[in-house]
Structures are given as C-alpha cells and as structure tokens.
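Comments concern the structure below.
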Amino acid sequence: MELVEISEENLEDFRELLGEDLSEDVKRVYYNGIGALDGNGRAVGALVYELLDSESEEDTRSRICFLMSEDKEISDSLENHYSKISVSEYEIVESFFELKDEEAAKVLKGYGFSLEEKKDEILTITLGEIAETELGKKRKLPDHIGNIGDLSVLQFRDAVKQILFKGHMGLMEDIPYLPKNWFDNSVSACVCSGGRIPGLFLIRKTPSGILIPALFFAYGPECNKDLLYMIGYSVQKALELYPPGTVVSICRRDAATRALTEKLLSKRPESQIYFGIRKEQ
C-alpha cells in the first residue's frame, strides 16, 4: 500500500471513491486529501480535510469531511499520516468532523475524537419546496438587481473584496480565491448602484447539480430590501433554469442565514449528523 497526497495530477485515481463534488473541492486552496493505493495503483482509501482559520489570527482548525477505506489497516495508515504529518505541517490545533456517515464517525472515535449527534447546520431542500414558500412567489424586481454574468471579472473581484473588507467572510473559507466562473453566473445575484456593486448573493452549482449559497451580503441604506430582492431574483432564475427536484443545500452557520431560514422555512424538519472533536499538539 502507498499513501499519496491527492492532487490534480492523481485525482482521477480517486474520483470514483470521492464522488464528483468532493473531487472538485479537493482542488480548492484549503482542502487537502490523503489517498491510499494498493499494489496495482487502485484507490482503496482516502481522508479529506479542510483547513479553517489558517490565515487569520485564530488557531488553525481542521474539518475532516471524508474518511473511507477498505479495511482498518488502511484507515490506521491514513489517520497516522494525518495526525503525524498534516497536523504538524499546518499547525492544526483542533480537528473536528461533521458527518452523516455513522461508520466513519465511529472509526474516528477510535482515534481519540469525541462522538455525539447534533442538528445538521446544513438545510437540504428542493427548488420545488422553495417555490411553495414566500420565497417562491414571483414578484417584480427593481432594475438595479441582476446577475453576476453581467459583471466583468474586475467588477466581480472588487465587489467581493469590498464585502470582505466589511468583515463578512461568507460561508466558505476560500471565498477570496474562488473565480467568478466557479459560481452559477445566471442564478447568482448582485446589486448595481451608481457604478458600485454593494450586494452579492453567490450560488455554487456543484458538478452533481446541487445549488449551494456561498456569500449573501449587502450594504448601504437599502441593504435589507436588497437582500430580499437578491433572494427573489435567484429563486426565480433557478426555477426558470432547473427542475423542481434540484437540491438546494443551505449552510446556516451565520446568524443572518439561520434567522432567514427559520422565518421562511420554519416547517422544514432538521436532520441529525455525527459530530466529534479532538485537540491536537
């Protein structure tokens, strides 16, 4: 068995194991993957983690988002590489996981992680279900609301930079590094006002077709109205372009998103996930 760092050079060897969405995520700046290959070069295991707060004044944390292997020996090798090499290399102070996979969670518990069940911060809903809520009501929107497809790359980058300067980091650690074409340009909304872009609602469409809101922020005197306008625009565009069964995955880690979903999608049942944490170093 051979352990390798998963990179774009060997990603095809692990694509079937990771799935198409996680395979794309592994290319992102803060995602890292450790892979196991058998004697024939076949992928037999992988551990993928995302670094959090690695470029801030906060201690670096790591979220383990995937662990799968064919047997315990392989799992042991992957975890040993992670705890002995990755933790030291990236100065990780704390590791944690949030997984739907009970088997993987129990394996990680064996490596010193705590284990409990908690409410999933990711709300999963379909476009068809959203269409039946207040969000899905078709309404006339003001002319200053459009999509990011109309923005130049320079305008887009400046709009993201201005929002980051205001202290809003979005729901993804690597927002500053994600290019305009990484988002769905037709569904992602923006506010255009006096030559400025004081609002963005960025939505990622994954290779498997899941829609994921990634950045939702507006500033200025009409910001609260503009936030609702952008939601309305994006919902209407998504309903025009995609079938009702399209899955929307909404991360509710920030207070504004949680408050909005509780108000507009309050009847949606919350699912449970497995959570665990381990102090490092």
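Here's how to read the names in the structure tokens: chain A, B, ... by the order shown, residue numbers from 1 in each chain, ligand numbers from 1 in the order shown.
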
Near A:Val160, within 8 Å and counting only C-alpha atoms, which residues show up once chain neighbours fewer than 4 positions away are dropped, as a list in words?
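Near A:Val160, the qualifying residues are Phe156, Leu164, Pro176 and Leu200 of chain A.
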
Who sits within 12 Å of A:Leu228, only C-alpha atoms, same chain under 4 positions skipped, as a ChimeraX atom specification:
/A:134-136,139,141-142,145,189-191,199-201,216-218,222-224,232-235,257,260,264

How would the residues just chosen look if you wrote them out with C-alpha atoms as a short mmCIF file (atom, residue, chain, number, x, y, z; two decimals), in the first residue's frame?
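Written file, part-v1.cif:
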```
data_model
loop_
_atom_site.label_atom_id
_atom_site.label_comp_id
_atom_site.auth_asym_id
_atom_site.auth_seq_id
_atom_site.Cartn_x
_atom_site.Cartn_y
_atom_site.Cartn_z
CA GLU A 134 -42.96 33.04 0.36
CA LEU A 135 -39.56 32.92 -1.33
CA GLY A 136 -41.08 31.29 -4.40
CA ARG A 139 -42.75 39.42 -8.00
CA LEU A 141 -37.93 43.25 -9.03
CA PRO A 142 -36.20 46.63 -9.36
CA ILE A 145 -30.96 43.77 -9.26
CA ALA A 189 -27.50 37.84 -7.96
CA CYS A 190 -25.96 41.26 -7.45
CA VAL A 191 -26.95 44.83 -6.64
CA GLY A 199 -24.54 43.42 -2.71
CA LEU A 200 -23.85 39.83 -3.79
CA PHE A 201 -25.72 36.56 -3.48
CA PHE A 216 -25.01 36.62 0.94
CA PHE A 217 -24.40 40.24 1.89
CA ALA A 218 -25.43 43.77 1.03
CA GLU A 222 -31.32 49.92 1.24
CA CYS A 223 -29.37 46.79 2.18
CA ASN A 224 -32.22 44.94 3.90
CA GLY A 232 -36.19 36.71 -5.07
CA TYR A 233 -34.07 37.12 -8.20
CA SER A 234 -32.03 33.97 -7.57
CA VAL A 235 -35.05 31.84 -6.71
CA THR A 257 -28.90 32.90 7.27
CA LEU A 260 -33.92 33.92 7.48
CA LEU A 264 -39.26 31.44 5.84
#
```

Contacts of stretch 242-255 of chain A within 6 Å, only C-alpha atoms, excl. fewer than 5 positions in-chain, as a PDB file with N, CA and C atoms, in the first residue's frame:
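Contents of result02.pdb, as written:
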```pdb
ATOM      1  N   GLU A 121     -26.332  21.650  10.540  1.00  0.00           N
ATOM      2  CA  GLU A 121     -26.414  23.062  10.191  1.00  0.00           C
ATOM      3  C   GLU A 121     -26.679  23.266   8.704  1.00  0.00           C
ATOM      4  N   ILE A 122     -26.656  22.183   7.942  1.00  0.00           N
ATOM      5  CA  ILE A 122     -26.945  22.242   6.517  1.00  0.00           C
ATOM      6  C   ILE A 122     -28.411  21.877   6.296  1.00  0.00           C
ATOM      7  N   LEU A 123     -29.170  22.805   5.769  1.00  0.00           N
ATOM      8  CA  LEU A 123     -30.579  22.564   5.453  1.00  0.00           C
ATOM      9  C   LEU A 123     -30.666  22.132   3.993  1.00  0.00           C
ATOM     10  N   THR A 124     -31.251  20.970   3.765  1.00  0.00           N
ATOM     11  CA  THR A 124     -31.403  20.446   2.404  1.00  0.00           C
ATOM     12  C   THR A 124     -32.863  20.532   1.991  1.00  0.00           C
ATOM     13  N   ILE A 125     -33.105  21.172   0.860  1.00  0.00           N
ATOM     14  CA  ILE A 125     -34.465  21.406   0.390  1.00  0.00           C
ATOM     15  C   ILE A 125     -34.433  21.407  -1.133  1.00  0.00           C
ATOM     16  N   THR A 126     -35.571  21.196  -1.783  1.00  0.00           N
ATOM     17  CA  THR A 126     -35.607  21.224  -3.242  1.00  0.00           C
ATOM     18  C   THR A 126     -36.164  22.563  -3.729  1.00  0.00           C
ATOM     19  N   LEU A 127     -35.882  22.875  -4.983  1.00  0.00           N
ATOM     20  CA  LEU A 127     -36.430  24.096  -5.571  1.00  0.00           C
ATOM     21  C   LEU A 127     -37.953  24.063  -5.560  1.00  0.00           C
ATOM     22  N   GLY A 128     -38.516  22.872  -5.767  1.00  0.00           N
ATOM     23  CA  GLY A 128     -39.971  22.748  -5.757  1.00  0.00           C
ATOM     24  C   GLY A 128     -40.564  23.112  -4.406  1.00  0.00           C
ATOM     25  N   ILE A 210     -26.172  20.216  -7.340  1.00  0.00           N
ATOM     26  CA  ILE A 210     -26.672  20.817  -6.097  1.00  0.00           C
ATOM     27  C   ILE A 210     -26.363  22.310  -6.098  1.00  0.00           C
ATOM     28  N   LEU A 211     -27.331  23.128  -5.665  1.00  0.00           N
ATOM     29  CA  LEU A 211     -27.131  24.568  -5.555  1.00  0.00           C
ATOM     30  C   LEU A 211     -26.768  24.912  -4.118  1.00  0.00           C
ATOM     31  N   ILE A 212     -25.655  25.655  -3.937  1.00  0.00           N
ATOM     32  CA  ILE A 212     -25.162  25.984  -2.597  1.00  0.00           C
ATOM     33  C   ILE A 212     -24.935  27.488  -2.484  1.00  0.00           C
TER      34      ILE A 212
END
```

As a VMD selection string, please: all residues of stretch 61-186 of chain A that backbone DSSP puts in strand (DSSP E).
chain A and resid 61 to 69 92 to 99 116 to 119 122 to 126 145 to 147

For stretch 13-29 of chain A, find every residue with an atom within 10 Å (counting only C-alpha atoms), except residues of its own chain fewer than 4 positions away, and show them as an NGL selection string.
:A and (6-9 or 33 or 35-37 or 41-51 or 65-69 or 173-174 or 177-178 or 205-210)

Could you check the closest approach to A:Glu98 for each of A:Gly220, A:Glu280, A:Ile273, A:Pro213 and tell me which residue wins, using only C-alpha atoms?
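Among the listed residues, the smallest separation from A:Glu98 belongs to A:Ile273.
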
DSSP on the backbone: what in stretch 10-97 of chain A comes out alpha helix (DSSP H), as a list in words?
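Alpha helix (DSSP H) assignments inside stretch 10-97 of chain A correspond to Leu11, Glu12, Asp13, Phe14, Arg15, Glu16, Leu17, Leu18, Glu20, Asp21, Leu22, Ser23, Glu24, Asp25, Lys72, Glu73, Ile74, Ser75, Asp76, Ser77, Leu78, Glu79, Asn80, His81, Val87, Ser88 and Glu89 of chain A.
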
Neighbour list for A:Ile148 as a list of chain:residue names, cut-off 10 Å, only C-alpha atoms, skip fewer than 4 positions in-chain
A:Ser152, A:Val153, A:Gln155, A:Phe156, A:Lys180, A:Asn181, A:Phe183, A:Asp184, A:Asn185, A:Ser186, A:Val187, A:Ser188, A:Ala189, A:Cys190, A:Val191, A:Cys192, A:Ile197, A:Leu200, A:Phe201, A:Leu202

Those residues with C-alpha atoms, as a PDB file, in the first residue's frame please?
```pdb
ATOM      1  CA  SER A 152     -16.691  41.892 -15.598  1.00  0.00           C
ATOM      2  CA  VAL A 153     -14.133  39.794 -13.734  1.00  0.00           C
ATOM      3  CA  GLN A 155     -16.063  44.238 -11.109  1.00  0.00           C
ATOM      4  CA  PHE A 156     -16.730  40.871  -9.515  1.00  0.00           C
ATOM      5  CA  LYS A 180     -16.285  34.206 -10.965  1.00  0.00           C
ATOM      6  CA  ASN A 181     -16.896  31.138 -13.137  1.00  0.00           C
ATOM      7  CA  PHE A 183     -20.324  30.262  -9.268  1.00  0.00           C
ATOM      8  CA  ASP A 184     -23.524  29.931 -11.273  1.00  0.00           C
ATOM      9  CA  ASN A 185     -23.429  33.235 -13.167  1.00  0.00           C
ATOM     10  CA  SER A 186     -27.093  33.083 -14.189  1.00  0.00           C
ATOM     11  CA  VAL A 187     -28.531  32.386 -10.730  1.00  0.00           C
ATOM     12  CA  SER A 188     -26.078  34.356  -8.560  1.00  0.00           C
ATOM     13  CA  ALA A 189     -27.498  37.837  -7.960  1.00  0.00           C
ATOM     14  CA  CYS A 190     -25.956  41.259  -7.451  1.00  0.00           C
ATOM     15  CA  VAL A 191     -26.949  44.830  -6.641  1.00  0.00           C
ATOM     16  CA  CYS A 192     -25.755  47.506  -9.112  1.00  0.00           C
ATOM     17  CA  ILE A 197     -21.812  46.584  -6.539  1.00  0.00           C
ATOM     18  CA  LEU A 200     -23.849  39.833  -3.786  1.00  0.00           C
ATOM     19  CA  PHE A 201     -25.723  36.558  -3.478  1.00  0.00           C
ATOM     20  CA  LEU A 202     -23.270  33.980  -4.814  1.00  0.00           C
TER      21      LEU A 202
END
```

Report as an MDAnalysis selection string all protein, DNA and RNA residues lying within 10 Å of A:Glu102, evaluated on only C-alpha atoms, omitting residues in the same chain fewer than 4 positions from it.
chainID A and resid 106:108 115 117 273:275

Based on the selection just made, write N, CA and C atoms of those residues as a JSON list (two decimals), in the first residue's frame.
```
[["chain", "number", "residue", "atom", "x", "y", "z"],
["A", 106, "LYS", "N", -17.68, 6.55, 13.78],
["A", 106, "LYS", "CA", -17.24, 5.59, 14.79],
["A", 106, "LYS", "C", -15.76, 5.25, 14.63],
["A", 107, "VAL", "N", -15.29, 5.20, 13.39],
["A", 107, "VAL", "CA", -13.87, 4.97, 13.14],
["A", 107, "VAL", "C", -13.04, 6.11, 13.74],
["A", 108, "LEU", "N", -13.48, 7.34, 13.52],
["A", 108, "LEU", "CA", -12.76, 8.50, 14.05],
["A", 108, "LEU", "C", -12.81, 8.53, 15.58],
["A", 115, "LEU", "N", -17.66, 11.84, 20.24],
["A", 115, "LEU", "CA", -18.72, 11.47, 19.30],
["A", 115, "LEU", "C", -20.08, 11.77, 19.90],
["A", 117, "GLU", "N", -24.36, 13.11, 18.55],
["A", 117, "GLU", "CA", -25.27, 13.51, 17.48],
["A", 117, "GLU", "C", -25.72, 14.94, 17.73],
["A", 273, "ILE", "N", -26.71, 14.80, 12.43],
["A", 273, "ILE", "CA", -25.41, 14.37, 11.93],
["A", 273, "ILE", "C", -24.55, 13.93, 13.11],
["A", 274, "TYR", "N", -23.41, 13.35, 12.80],
["A", 274, "TYR", "CA", -22.46, 12.93, 13.83],
["A", 274, "TYR", "C", -21.33, 13.95, 13.91],
["A", 275, "PHE", "N", -21.02, 14.33, 15.14],
["A", 275, "PHE", "CA", -20.02, 15.37, 15.38],
["A", 275, "PHE", "C", -18.99, 14.86, 16.37]]
```

So what do you get for atom CA of A:Lys279 versus atom CA of A:Ile34, distance-wise?
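Spanning atom CA of A:Lys279 to atom CA of A:Ile34 is a straight-line distance of 20.1 Å.
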
Rank A:Lys138, A:Lys166, A:Lys84, A:Lys161 by their smallest atom-to-atom distance to A:Tyr219, using only C-alpha atoms, and report the top residue only.
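Of A:Lys138, A:Lys166, A:Lys84, A:Lys161, the one nearest A:Tyr219, counting only C-alpha atoms, is A:Lys166.
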
Point-to-point distance from atom CA of A:Asp38 to atom CA of A:His81, Å rounded to tenths
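Atom-to-atom, atom CA of A:Asp38 to atom CA of A:His81, that is 16.3 Å.
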
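Ranking A:Glu73, A:Arg63, A:Ser83, A:Asp53 by their shortest atom-to-atom distance to A:Gln281, with only C-alpha atoms included, puts A:Ser83 first.
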
Which one of A:Leu227, A:Leu239, A:Met172, A:Ile64 sits closest to A:Ala104 if you count only C-alpha atoms?
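Using only C-alpha atoms, the shortest distance to A:Ala104 belongs to A:Ile64.
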